[in-house]
>>> print(open('my_file-v2.cif').read())   # mmCIF, C-alpha atoms
data_model
#
loop_
_atom_site.label_atom_id
_atom_site.label_comp_id
_atom_site.auth_asym_id
_atom_site.auth_seq_id
_atom_site.Cartn_x
_atom_site.Cartn_y
_atom_site.Cartn_z
CA ASP A 1 -4.77 14.38 -17.33
CA ILE A 2 -7.14 11.71 -16.11
CA GLN A 3 -9.74 13.21 -13.75
CA MET A 4 -11.10 11.19 -10.84
CA THR A 5 -14.53 12.02 -9.40
CA GLN A 6 -15.73 10.54 -6.13
CA SER A 7 -19.30 10.38 -4.86
CA PRO A 8 -20.67 11.25 -2.48
CA SER A 9 -18.45 13.98 -1.08
CA THR A 10 -19.83 13.33 2.40
CA LEU A 11 -21.53 10.23 3.71
CA SER A 12 -23.27 9.86 7.06
CA ALA A 13 -23.61 6.34 8.40
CA SER A 14 -23.89 4.33 11.60
CA VAL A 15 -21.75 1.61 13.11
CA GLY A 16 -22.70 -1.68 11.50
CA ASP A 17 -23.90 -0.12 8.23
CA ARG A 18 -22.74 -1.28 4.82
CA VAL A 19 -21.44 1.67 2.83
CA THR A 20 -20.29 2.17 -0.72
CA ILE A 21 -18.16 4.95 -2.18
CA THR A 22 -17.93 5.41 -5.94
CA CYS A 23 -15.00 6.67 -8.01
CA ARG A 24 -15.28 7.47 -11.71
CA ALA A 25 -12.39 8.07 -14.09
CA SER A 26 -12.59 10.46 -17.04
CA GLN A 27 -11.18 7.70 -19.28
CA SER A 28 -10.53 4.01 -18.95
CA ILE A 29 -7.81 3.08 -16.46
CA GLY A 30 -8.18 -0.69 -16.54
CA SER A 31 -7.80 -1.88 -12.96
CA TRP A 32 -5.09 0.60 -12.03
CA LEU A 33 -6.88 2.08 -9.04
CA ALA A 34 -6.04 2.37 -5.35
CA TRP A 35 -8.05 3.39 -2.31
CA TYR A 36 -6.70 5.16 0.77
CA GLN A 37 -8.06 6.04 4.22
CA GLN A 38 -6.96 9.25 5.89
CA LYS A 39 -7.67 10.39 9.43
CA PRO A 40 -7.19 13.99 10.60
CA GLY A 41 -3.55 14.93 11.01
CA LYS A 42 -2.35 11.57 9.68
CA ALA A 43 -0.87 10.30 6.42
CA PRO A 44 -3.11 8.35 4.08
CA LYS A 45 -3.14 4.58 4.53
CA LEU A 46 -3.32 2.21 1.56
CA LEU A 47 -6.38 -0.05 1.68
CA ILE A 48 -6.82 -1.46 -1.83
CA TYR A 49 -4.63 -1.59 -4.95
CA LYS A 50 -5.28 -2.84 -8.45
CA ALA A 51 -8.97 -2.10 -7.87
CA SER A 52 -9.68 -5.13 -5.69
CA SER A 53 -6.46 -6.36 -4.03
CA LEU A 54 -6.54 -5.92 -0.26
CA GLU A 55 -3.34 -4.52 1.21
CA SER A 56 -1.74 -6.71 3.85
CA GLY A 57 -3.10 -6.03 7.34
CA VAL A 58 -6.26 -4.28 6.13
CA PRO A 59 -9.46 -5.78 7.59
CA SER A 60 -11.51 -7.94 5.26
CA ARG A 61 -14.58 -5.73 5.72
CA PHE A 62 -12.98 -3.44 3.14
CA GLY A 63 -13.52 -4.45 -0.46
CA GLY A 64 -12.89 -2.90 -3.86
CA SER A 65 -14.41 -3.61 -7.26
CA GLY A 66 -14.70 -2.22 -10.75
CA SER A 67 -12.67 -1.71 -13.89
CA GLY A 68 -12.51 0.71 -16.77
CA THR A 69 -14.04 3.94 -15.54
CA GLU A 70 -16.21 3.01 -12.56
CA PHE A 71 -15.01 1.69 -9.23
CA THR A 72 -16.41 1.16 -5.76
CA LEU A 73 -15.06 0.84 -2.25
CA THR A 74 -17.36 -1.08 0.07
CA ILE A 75 -17.14 -1.37 3.84
CA SER A 76 -19.32 -4.31 4.78
CA SER A 77 -19.96 -3.41 8.44
CA LEU A 78 -18.77 -0.03 9.63
CA GLN A 79 -16.62 0.05 12.74
CA PRO A 80 -15.91 3.13 14.88
CA ASP A 81 -12.34 3.24 13.54
CA ASP A 82 -13.60 3.56 9.94
CA PHE A 83 -14.87 7.14 10.20
CA ALA A 84 -12.35 9.00 8.08
CA THR A 85 -11.84 10.47 4.63
CA TYR A 86 -11.36 8.09 1.70
CA TYR A 87 -9.49 8.82 -1.53
CA CYS A 88 -9.27 6.94 -4.78
CA GLN A 89 -6.17 7.25 -6.98
CA GLN A 90 -5.57 6.22 -10.56
CA TYR A 91 -2.17 5.07 -11.73
CA ASN A 92 -2.90 4.05 -15.28
CA SER A 93 -0.61 6.72 -16.65
CA TYR A 94 2.72 7.82 -15.23
CA SER A 95 0.87 10.88 -13.95
CA GLN A 96 -1.13 9.68 -11.00
CA THR A 97 -4.22 11.59 -9.87
CA PHE A 98 -6.44 11.41 -6.81
CA GLY A 99 -10.15 11.87 -6.33
CA GLN A 100 -11.33 14.78 -4.23
CA GLY A 101 -12.16 12.58 -1.25
CA THR A 102 -15.25 11.25 0.53
CA LYS A 103 -15.69 12.11 4.19
CA LEU A 104 -17.41 9.33 6.11
CA GLU A 105 -19.16 10.76 9.16
CA ILE A 106 -21.00 9.26 12.08
CA LYS A 107 -24.77 9.61 11.74
CA GLN B 1 9.72 -1.81 10.01
CA LEU B 2 10.07 0.68 7.18
CA GLN B 3 9.96 4.33 8.21
CA LEU B 4 10.07 7.49 6.13
CA GLN B 5 10.79 10.88 7.69
CA GLU B 6 10.46 14.25 5.99
CA SER B 7 12.77 17.08 7.02
CA GLY B 8 13.47 20.61 5.91
CA PRO B 9 12.45 24.24 6.46
CA ARG B 10 8.87 24.75 7.56
CA LEU B 11 8.70 28.33 6.30
CA VAL B 12 9.71 29.45 2.82
CA LYS B 13 9.48 32.93 1.33
CA PRO B 14 7.58 33.55 -1.91
CA SER B 15 9.69 33.17 -5.07
CA GLU B 16 12.26 31.05 -3.21
CA THR B 17 12.92 27.31 -3.46
CA LEU B 18 11.29 24.78 -1.16
CA SER B 19 13.68 21.95 -0.23
CA LEU B 20 12.75 18.77 1.61
CA THR B 21 14.54 15.51 2.29
CA CYS B 22 13.04 12.11 3.05
CA THR B 23 15.17 9.72 5.09
CA VAL B 24 14.33 6.05 4.71
CA SER B 25 15.05 3.66 7.57
CA GLY B 26 14.32 -0.04 7.97
CA GLY B 27 14.83 -0.66 4.26
CA SER B 28 17.14 0.18 1.36
CA ILE B 29 16.34 2.96 -1.05
CA SER B 30 18.46 1.03 -3.58
CA SER B 31 15.98 -1.83 -3.80
CA SER B 32 14.90 -2.54 -7.38
CA SER B 33 11.40 -3.29 -6.06
CA TYR B 34 10.45 0.27 -5.23
CA TYR B 35 10.20 3.85 -6.39
CA TRP B 36 10.07 6.77 -3.96
CA GLY B 37 7.72 9.70 -4.28
CA TRP B 38 6.42 13.02 -3.03
CA ILE B 39 2.76 13.94 -2.54
CA ARG B 40 1.33 17.14 -1.09
CA GLN B 41 -1.95 18.21 0.51
CA PRO B 42 -2.94 21.87 0.95
CA PRO B 43 -4.69 22.51 4.28
CA GLY B 44 -8.24 21.16 4.15
CA LYS B 45 -7.88 19.95 0.56
CA GLY B 46 -7.10 16.80 -1.40
CA LEU B 47 -3.92 15.00 -2.41
CA GLU B 48 -1.64 15.91 -5.31
CA TRP B 49 1.18 13.71 -6.61
CA ILE B 50 4.37 15.71 -7.20
CA GLY B 51 6.81 13.16 -8.60
CA SER B 52 8.64 9.88 -8.14
CA ILE B 53 12.22 8.58 -8.44
CA TYR B 54 13.99 5.23 -8.76
CA TYR B 55 17.32 4.43 -7.09
CA SER B 56 18.89 4.72 -10.55
CA GLY B 57 17.76 8.34 -10.77
CA SER B 58 14.91 7.75 -13.22
CA THR B 59 12.15 10.27 -12.50
CA TYR B 60 8.50 10.95 -13.28
CA TYR B 61 6.95 14.34 -12.55
CA ASN B 62 3.43 15.74 -12.41
CA PRO B 63 3.12 17.70 -15.69
CA SER B 64 1.49 20.61 -13.88
CA LEU B 65 4.56 21.03 -11.64
CA LYS B 66 7.31 19.67 -13.87
CA SER B 67 8.84 23.02 -14.75
CA ARG B 68 9.47 23.79 -11.07
CA VAL B 69 10.26 20.36 -9.58
CA THR B 70 13.49 18.43 -9.15
CA ILE B 71 13.64 15.13 -7.29
CA SER B 72 16.98 13.50 -6.57
CA VAL B 73 18.24 10.43 -4.73
CA ASP B 74 21.29 9.85 -2.52
CA THR B 75 21.69 6.11 -2.09
CA SER B 76 24.71 6.51 0.21
CA LYS B 77 22.52 8.31 2.74
CA ASN B 78 19.33 6.34 2.00
CA GLN B 79 17.59 9.63 1.23
CA PHE B 80 15.71 11.30 -1.58
CA SER B 81 14.96 14.98 -1.92
CA LEU B 82 12.48 17.44 -3.37
CA LYS B 83 13.15 20.93 -4.68
CA LEU B 84 10.25 23.14 -5.77
CA SER B 85 11.25 26.49 -7.18
CA SER B 86 9.49 29.85 -7.43
CA VAL B 87 7.01 29.02 -4.69
CA THR B 88 3.85 30.98 -3.97
CA ALA B 89 1.22 30.78 -1.25
CA ALA B 90 -0.51 28.11 -3.35
CA ASP B 91 2.39 25.77 -2.55
CA THR B 92 1.58 25.86 1.16
CA ALA B 93 0.78 22.26 2.03
CA VAL B 94 1.63 19.19 4.03
CA TYR B 95 4.32 17.41 2.04
CA TYR B 96 4.51 13.63 2.29
CA CYS B 97 7.19 11.24 1.09
CA ALA B 98 6.13 7.71 0.25
CA ARG B 99 7.15 4.40 -1.32
CA LEU B 100 5.78 2.99 -4.56
CA PRO B 101 6.09 -0.69 -5.49
CA ALA B 102 7.74 -1.27 -8.87
CA ASP B 103 7.61 -3.95 -11.52
CA ILE B 104 11.15 -5.31 -11.29
CA LEU B 105 10.90 -6.82 -14.77
CA THR B 106 10.20 -3.52 -16.49
CA GLY B 107 11.64 -1.08 -13.96
CA TYR B 108 8.43 0.94 -14.05
CA PRO B 109 6.47 2.00 -10.95
CA TYR B 110 3.05 0.55 -10.33
CA GLY B 111 2.00 3.98 -9.15
CA TYR B 112 0.31 3.46 -5.81
CA PHE B 113 1.84 4.34 -2.43
CA ASP B 114 2.16 1.64 0.21
CA TYR B 115 4.22 3.37 2.90
CA TRP B 116 4.01 7.05 3.82
CA GLY B 117 5.94 9.43 6.01
CA ARG B 118 4.07 11.43 8.64
CA GLY B 119 4.20 14.56 6.53
CA THR B 120 5.52 18.04 7.19
CA LEU B 121 3.65 21.33 6.82
CA VAL B 122 5.49 23.85 4.71
CA THR B 123 4.16 27.40 4.72
CA VAL B 124 4.99 29.89 2.01
CA SER B 125 4.89 33.37 3.48
CA SER B 126 7.00 36.48 3.71
#
>>> encode(input="my_file-v2.cif", output="structure tokens")
Amino acid sequence: DIQMTQSPSTLSASVGDRVTITCRASQSIGSWLAWYQQKPGKAPKLLIYKASSLESGVPSRFGGSGSGTEFTLTISSLQPDDFATYYCQQYNSYSQTFGQGTKLEIK
Amino acid sequence: QLQLQESGPRLVKPSETLSLTCTVSGGSISSSSYYWGWIRQPPGKGLEWIGSIYYSGSTYYNPSLKSRVTISVDTSKNQFSLKLSSVTAADTAVYYCARLPADILTGYPYGYFDYWGRGTLVTVSS
């Protein structure tokens, strides 16, 4: 199985900050990576697919980059609605795996 | 607007079989452009992919659960279903159904989930 490791596990930031979350794969996955946002009691929401493609309707302040084994999700200017937990997911193999999540908290 | 809705028993006894159905509305489960999948999330923990199915019945399962999982599709009802056998307390989780875009040229799923149901909490307890 391909293991996905996110860092940090928790991130404290303020409205207007630029934040970056990192996801590392245990082996190369090309660009087959997605990012999701999840709020308490809600289903995850797709933000980014194929490492850097923005899902329709997702604000442009969200951006993804990377390939191979290292990927980043960047939020250019945090908004109040962005405080949530973020997950990366690899789909290089037919057995998809998720990272453990990064909780983005208000500082 | 596409909607997915999970349904089924919320409480299952240990060693029994968990059964859930996902009803798709606002779109056809028979579309060649999509797979349909199940994902679960234990309380306070992360996400785990369970398996995915195409309208043709082609399936992919998480190797760690494969021996206990069956996913099926009923195109006449626009539904797909999950059965997880021999459950234990470790199977207590919110179970989500979701849609996966597919490569219509190859018939293989891309692997990410673009639409999700609201999820249903299933508790395994006697």
>>> resolve_selection(input="my_file-v2.cif", expression="the PyMOL selection byres ((chain A) within 10 of (chain B))", output="VMD selection string")
chain A and resid 1 32 to 36 40 to 50 55 to 56 85 87 to 101
>>> atom_distance(input="my_file-v2.cif", atom1="atom CA of A:Ser76", atom2="atom CA of A:Ile2")
29.0 Å
>>> atom_distance(input="my_file-v2.cif", atom1="atom CA of B:Ala93", atom2="atom CA of B:Asn78")
24.4 Å
>>> residues_around(input="my_file-v2.cif", residues="B:Ser56", least_positions_apart="3", cutoff="12 Å", atoms="only C-alpha atoms", output="PyMOL selection string")
chain B and resi 29-36+52-53+59+72-75+80+107-108
>>> write_last_selection(input="my_file-v2.cif", atoms="C-alpha atoms", output="PDB file, keeping the file's coordinate frame")
ATOM      1  CA  ILE B  29      16.340   2.960  -1.050  1.00  0.00           C
ATOM      2  CA  SER B  30      18.460   1.030  -3.580  1.00  0.00           C
ATOM      3  CA  SER B  31      15.980  -1.830  -3.800  1.00  0.00           C
ATOM      4  CA  SER B  32      14.900  -2.540  -7.380  1.00  0.00           C
ATOM      5  CA  SER B  33      11.400  -3.290  -6.060  1.00  0.00           C
ATOM      6  CA  TYR B  34      10.450   0.270  -5.230  1.00  0.00           C
ATOM      7  CA  TYR B  35      10.200   3.850  -6.390  1.00  0.00           C
ATOM      8  CA  TRP B  36      10.070   6.770  -3.960  1.00  0.00           C
ATOM      9  CA  SER B  52       8.640   9.880  -8.140  1.00  0.00           C
ATOM     10  CA  ILE B  53      12.220   8.580  -8.440  1.00  0.00           C
ATOM     11  CA  THR B  59      12.150  10.270 -12.500  1.00  0.00           C
ATOM     12  CA  SER B  72      16.980  13.500  -6.570  1.00  0.00           C
ATOM     13  CA  VAL B  73      18.240  10.430  -4.730  1.00  0.00           C
ATOM     14  CA  ASP B  74      21.290   9.850  -2.520  1.00  0.00           C
ATOM     15  CA  THR B  75      21.690   6.110  -2.090  1.00  0.00           C
ATOM     16  CA  PHE B  80      15.710  11.300  -1.580  1.00  0.00           C
ATOM     17  CA  GLY B 107      11.640  -1.080 -13.960  1.00  0.00           C
ATOM     18  CA  TYR B 108       8.430   0.940 -14.050  1.00  0.00           C
TER      19      TYR B 108
END
>>> resolve_selection(input="my_file-v2.cif", expression="the PyMOL selection byres ((chain A and resi 24) around 9)", output="list in words")
Gln3, Met4, Thr5, Gln6, Ser7, Thr22, Cys23, Ala25, Ser26, Gln27, Gly68, Thr69, Glu70, Phe71, Thr72 and Gly99 of chain A
>>> write_last_selection(input="my_file-v2.cif", atoms="C-alpha atoms", output="PDB file, in the frame of the given file")
ATOM      1  CA  GLN A   3      -9.740  13.210 -13.750  1.00  0.00           C
ATOM      2  CA  MET A   4     -11.100  11.190 -10.840  1.00  0.00           C
ATOM      3  CA  THR A   5     -14.530  12.020  -9.400  1.00  0.00           C
ATOM      4  CA  GLN A   6     -15.730  10.540  -6.130  1.00  0.00           C
ATOM      5  CA  SER A   7     -19.300  10.380  -4.860  1.00  0.00           C
ATOM      6  CA  THR A  22     -17.930   5.410  -5.940  1.00  0.00           C
ATOM      7  CA  CYS A  23     -15.000   6.670  -8.010  1.00  0.00           C
ATOM      8  CA  ALA A  25     -12.390   8.070 -14.090  1.00  0.00           C
ATOM      9  CA  SER A  26     -12.590  10.460 -17.040  1.00  0.00           C
ATOM     10  CA  GLN A  27     -11.180   7.700 -19.280  1.00  0.00           C
ATOM     11  CA  GLY A  68     -12.510   0.710 -16.770  1.00  0.00           C
ATOM     12  CA  THR A  69     -14.040   3.940 -15.540  1.00  0.00           C
ATOM     13  CA  GLU A  70     -16.210   3.010 -12.560  1.00  0.00           C
ATOM     14  CA  PHE A  71     -15.010   1.690  -9.230  1.00  0.00           C
ATOM     15  CA  THR A  72     -16.410   1.160  -5.760  1.00  0.00           C
ATOM     16  CA  GLY A  99     -10.150  11.870  -6.330  1.00  0.00           C
TER      17      GLY A  99
END
>>> resolve_selection(input="my_file-v2.cif", expression="the PyMOL selection byres ((chain B and resi 21) around 7)", output="PyMOL selection string")
chain B and resi 6-8+19-20+22-23+79-82
>>> atom_distance(input="my_file-v2.cif", atom1="atom CA of B:Arg68", atom2="atom CA of B:Thr17")
9.1 Å
>>> decode(input="my_file-v2.cif", residues="chain A", atoms="C-alpha atoms", output="PDB file, in the first residue's frame")
ATOM      1  CA  ASP A   1       0.000   0.000   0.000  1.00  0.00           C
ATOM      2  CA  ILE A   2       1.065   3.547  -0.688  1.00  0.00           C
ATOM      3  CA  GLN A   3       1.240   5.539   2.564  1.00  0.00           C
ATOM      4  CA  MET A   4       0.375   9.238   2.624  1.00  0.00           C
ATOM      5  CA  THR A   5       1.821  11.478   5.340  1.00  0.00           C
ATOM      6  CA  GLN A   6       0.556  15.010   5.901  1.00  0.00           C
ATOM      7  CA  SER A   7       2.290  17.783   7.807  1.00  0.00           C
ATOM      8  CA  PRO A   8       1.603  19.496  10.013  1.00  0.00           C
ATOM      9  CA  SER A   9      -1.160  17.617  11.813  1.00  0.00           C
ATOM     10  CA  THR A  10      -2.486  20.885  13.210  1.00  0.00           C
ATOM     11  CA  LEU A  11      -1.941  24.386  11.923  1.00  0.00           C
ATOM     12  CA  SER A  12      -2.946  27.612  13.652  1.00  0.00           C
ATOM     13  CA  ALA A  13      -3.371  30.648  11.442  1.00  0.00           C
ATOM     14  CA  SER A  14      -5.222  33.939  11.141  1.00  0.00           C
ATOM     15  CA  VAL A  15      -7.625  35.308   8.566  1.00  0.00           C
ATOM     16  CA  GLY A  16      -5.615  36.702   5.680  1.00  0.00           C
ATOM     17  CA  ASP A  17      -2.616  34.406   6.232  1.00  0.00           C
ATOM     18  CA  ARG A  18      -1.038  32.335   3.480  1.00  0.00           C
ATOM     19  CA  VAL A  19      -0.826  28.708   4.561  1.00  0.00           C
ATOM     20  CA  THR A  20       0.736  25.599   3.115  1.00  0.00           C
ATOM     21  CA  ILE A  21      -0.002  21.961   3.898  1.00  0.00           C
ATOM     22  CA  THR A  22       2.370  19.237   2.743  1.00  0.00           C
ATOM     23  CA  CYS A  23       1.572  15.671   1.709  1.00  0.00           C
ATOM     24  CA  ARG A  24       4.253  13.058   1.077  1.00  0.00           C
ATOM     25  CA  ALA A  25       3.748   9.695  -0.605  1.00  0.00           C
ATOM     26  CA  SER A  26       5.743   6.592   0.304  1.00  0.00           C
ATOM     27  CA  GLN A  27       6.440   6.031  -3.413  1.00  0.00           C
ATOM     28  CA  SER A  28       5.992   8.020  -6.577  1.00  0.00           C
ATOM     29  CA  ILE A  29       2.374   8.645  -7.570  1.00  0.00           C
ATOM     30  CA  GLY A  30       2.956  10.961 -10.515  1.00  0.00           C
ATOM     31  CA  SER A  31       0.305  13.670 -10.287  1.00  0.00           C
ATOM     32  CA  TRP A  32      -2.466  11.381  -9.084  1.00  0.00           C
ATOM     33  CA  LEU A  33      -3.305  13.342  -5.960  1.00  0.00           C
ATOM     34  CA  ALA A  34      -6.456  15.022  -4.681  1.00  0.00           C
ATOM     35  CA  TRP A  35      -7.150  17.402  -1.814  1.00  0.00           C
ATOM     36  CA  TYR A  36     -10.361  17.581   0.213  1.00  0.00           C
ATOM     37  CA  GLN A  37     -11.786  19.941   2.835  1.00  0.00           C
ATOM     38  CA  GLN A  38     -13.949  18.554   5.618  1.00  0.00           C
ATOM     39  CA  LYS A  39     -15.929  20.472   8.203  1.00  0.00           C
ATOM     40  CA  PRO A  40     -17.320  18.882  11.378  1.00  0.00           C
ATOM     41  CA  GLY A  41     -20.313  16.656  10.712  1.00  0.00           C
ATOM     42  CA  LYS A  42     -20.049  17.122   6.943  1.00  0.00           C
ATOM     43  CA  ALA A  43     -18.805  15.038   4.026  1.00  0.00           C
ATOM     44  CA  PRO A  44     -15.449  15.899   2.513  1.00  0.00           C
ATOM     45  CA  LYS A  45     -15.475  18.350  -0.378  1.00  0.00           C
ATOM     46  CA  LEU A  46     -13.153  17.973  -3.364  1.00  0.00           C
ATOM     47  CA  LEU A  47     -10.856  20.970  -3.829  1.00  0.00           C
ATOM     48  CA  ILE A  48      -8.043  19.826  -6.126  1.00  0.00           C
ATOM     49  CA  TYR A  49      -7.493  16.793  -8.377  1.00  0.00           C
ATOM     50  CA  LYS A  50      -4.535  15.687 -10.450  1.00  0.00           C
ATOM     51  CA  ALA A  51      -2.308  17.582  -8.018  1.00  0.00           C
ATOM     52  CA  SER A  52      -3.078  21.059  -9.351  1.00  0.00           C
ATOM     53  CA  SER A  53      -6.467  21.081 -11.119  1.00  0.00           C
ATOM     54  CA  LEU A  54      -9.019  23.218  -9.294  1.00  0.00           C
ATOM     55  CA  GLU A  55     -12.441  21.619  -8.977  1.00  0.00           C
ATOM     56  CA  SER A  56     -15.266  23.675 -10.458  1.00  0.00           C
ATOM     57  CA  GLY A  57     -16.706  26.174  -7.980  1.00  0.00           C
ATOM     58  CA  VAL A  58     -13.708  26.101  -5.636  1.00  0.00           C
ATOM     59  CA  PRO A  59     -12.279  29.580  -4.912  1.00  0.00           C
ATOM     60  CA  SER A  60      -9.049  30.452  -6.670  1.00  0.00           C
ATOM     61  CA  ARG A  61      -7.281  31.108  -3.361  1.00  0.00           C
ATOM     62  CA  PHE A  62      -6.833  27.332  -3.168  1.00  0.00           C
ATOM     63  CA  GLY A  63      -3.917  25.962  -5.129  1.00  0.00           C
ATOM     64  CA  GLY A  64      -2.143  22.622  -5.432  1.00  0.00           C
ATOM     65  CA  SER A  65       1.325  21.726  -6.653  1.00  0.00           C
ATOM     66  CA  GLY A  66       3.834  18.914  -6.722  1.00  0.00           C
ATOM     67  CA  SER A  67       4.471  15.581  -8.383  1.00  0.00           C
ATOM     68  CA  GLY A  68       6.162  12.315  -7.577  1.00  0.00           C
ATOM     69  CA  THR A  69       6.216  12.041  -3.806  1.00  0.00           C
ATOM     70  CA  GLU A  70       5.819  15.588  -2.489  1.00  0.00           C
ATOM     71  CA  PHE A  71       2.754  17.780  -2.819  1.00  0.00           C
ATOM     72  CA  THR A  72       1.436  20.985  -1.318  1.00  0.00           C
ATOM     73  CA  LEU A  73      -1.927  22.635  -0.826  1.00  0.00           C
ATOM     74  CA  THR A  74      -1.711  26.401  -0.508  1.00  0.00           C
ATOM     75  CA  ILE A  75      -4.429  28.798   0.595  1.00  0.00           C
ATOM     76  CA  SER A  76      -3.293  32.234  -0.497  1.00  0.00           C
ATOM     77  CA  SER A  77      -5.394  34.323   1.910  1.00  0.00           C
ATOM     78  CA  LEU A  78      -7.304  32.495   4.610  1.00  0.00           C
ATOM     79  CA  GLN A  79     -10.996  33.241   4.917  1.00  0.00           C
ATOM     80  CA  PRO A  80     -13.183  32.419   7.940  1.00  0.00           C
ATOM     81  CA  ASP A  81     -14.862  29.627   5.966  1.00  0.00           C
ATOM     82  CA  ASP A  82     -11.516  27.872   5.405  1.00  0.00           C
ATOM     83  CA  PHE A  83     -11.007  26.661   8.975  1.00  0.00           C
ATOM     84  CA  ALA A  84     -11.517  22.928   8.594  1.00  0.00           C
ATOM     85  CA  THR A  85      -9.620  19.667   8.249  1.00  0.00           C
ATOM     86  CA  TYR A  86      -7.809  18.957   4.983  1.00  0.00           C
ATOM     87  CA  TYR A  87      -7.003  15.533   3.540  1.00  0.00           C
ATOM     88  CA  CYS A  88      -4.816  14.468   0.666  1.00  0.00           C
ATOM     89  CA  GLN A  89      -5.584  11.272  -1.268  1.00  0.00           C
ATOM     90  CA  GLN A  90      -3.503   9.320  -3.734  1.00  0.00           C
ATOM     91  CA  TYR A  91      -5.091   7.448  -6.599  1.00  0.00           C
ATOM     92  CA  ASN A  92      -2.063   6.206  -8.465  1.00  0.00           C
ATOM     93  CA  SER A  93      -2.976   2.607  -7.802  1.00  0.00           C
ATOM     94  CA  TYR A  94      -6.434   1.088  -7.809  1.00  0.00           C
ATOM     95  CA  SER A  95      -6.175   1.110  -4.022  1.00  0.00           C
ATOM     96  CA  GLN A  96      -6.654   4.701  -3.010  1.00  0.00           C
ATOM     97  CA  THR A  97      -5.316   5.952   0.325  1.00  0.00           C
ATOM     98  CA  PHE A  98      -5.786   9.137   2.305  1.00  0.00           C
ATOM     99  CA  GLY A  99      -3.449  11.145   4.475  1.00  0.00           C
ATOM    100  CA  GLN A 100      -4.226  11.407   8.170  1.00  0.00           C
ATOM    101  CA  GLY A 101      -5.516  14.966   7.873  1.00  0.00           C
ATOM    102  CA  THR A 102      -4.400  18.480   8.807  1.00  0.00           C
ATOM    103  CA  LYS A 103      -6.632  20.501  11.092  1.00  0.00           C
ATOM    104  CA  LEU A 104      -6.516  24.204  10.305  1.00  0.00           C
ATOM    105  CA  GLU A 105      -7.421  26.214  13.396  1.00  0.00           C
ATOM    106  CA  ILE A 106      -7.983  29.868  14.091  1.00  0.00           C
ATOM    107  CA  LYS A 107      -5.041  31.467  15.887  1.00  0.00           C
TER     108      LYS A 107
END
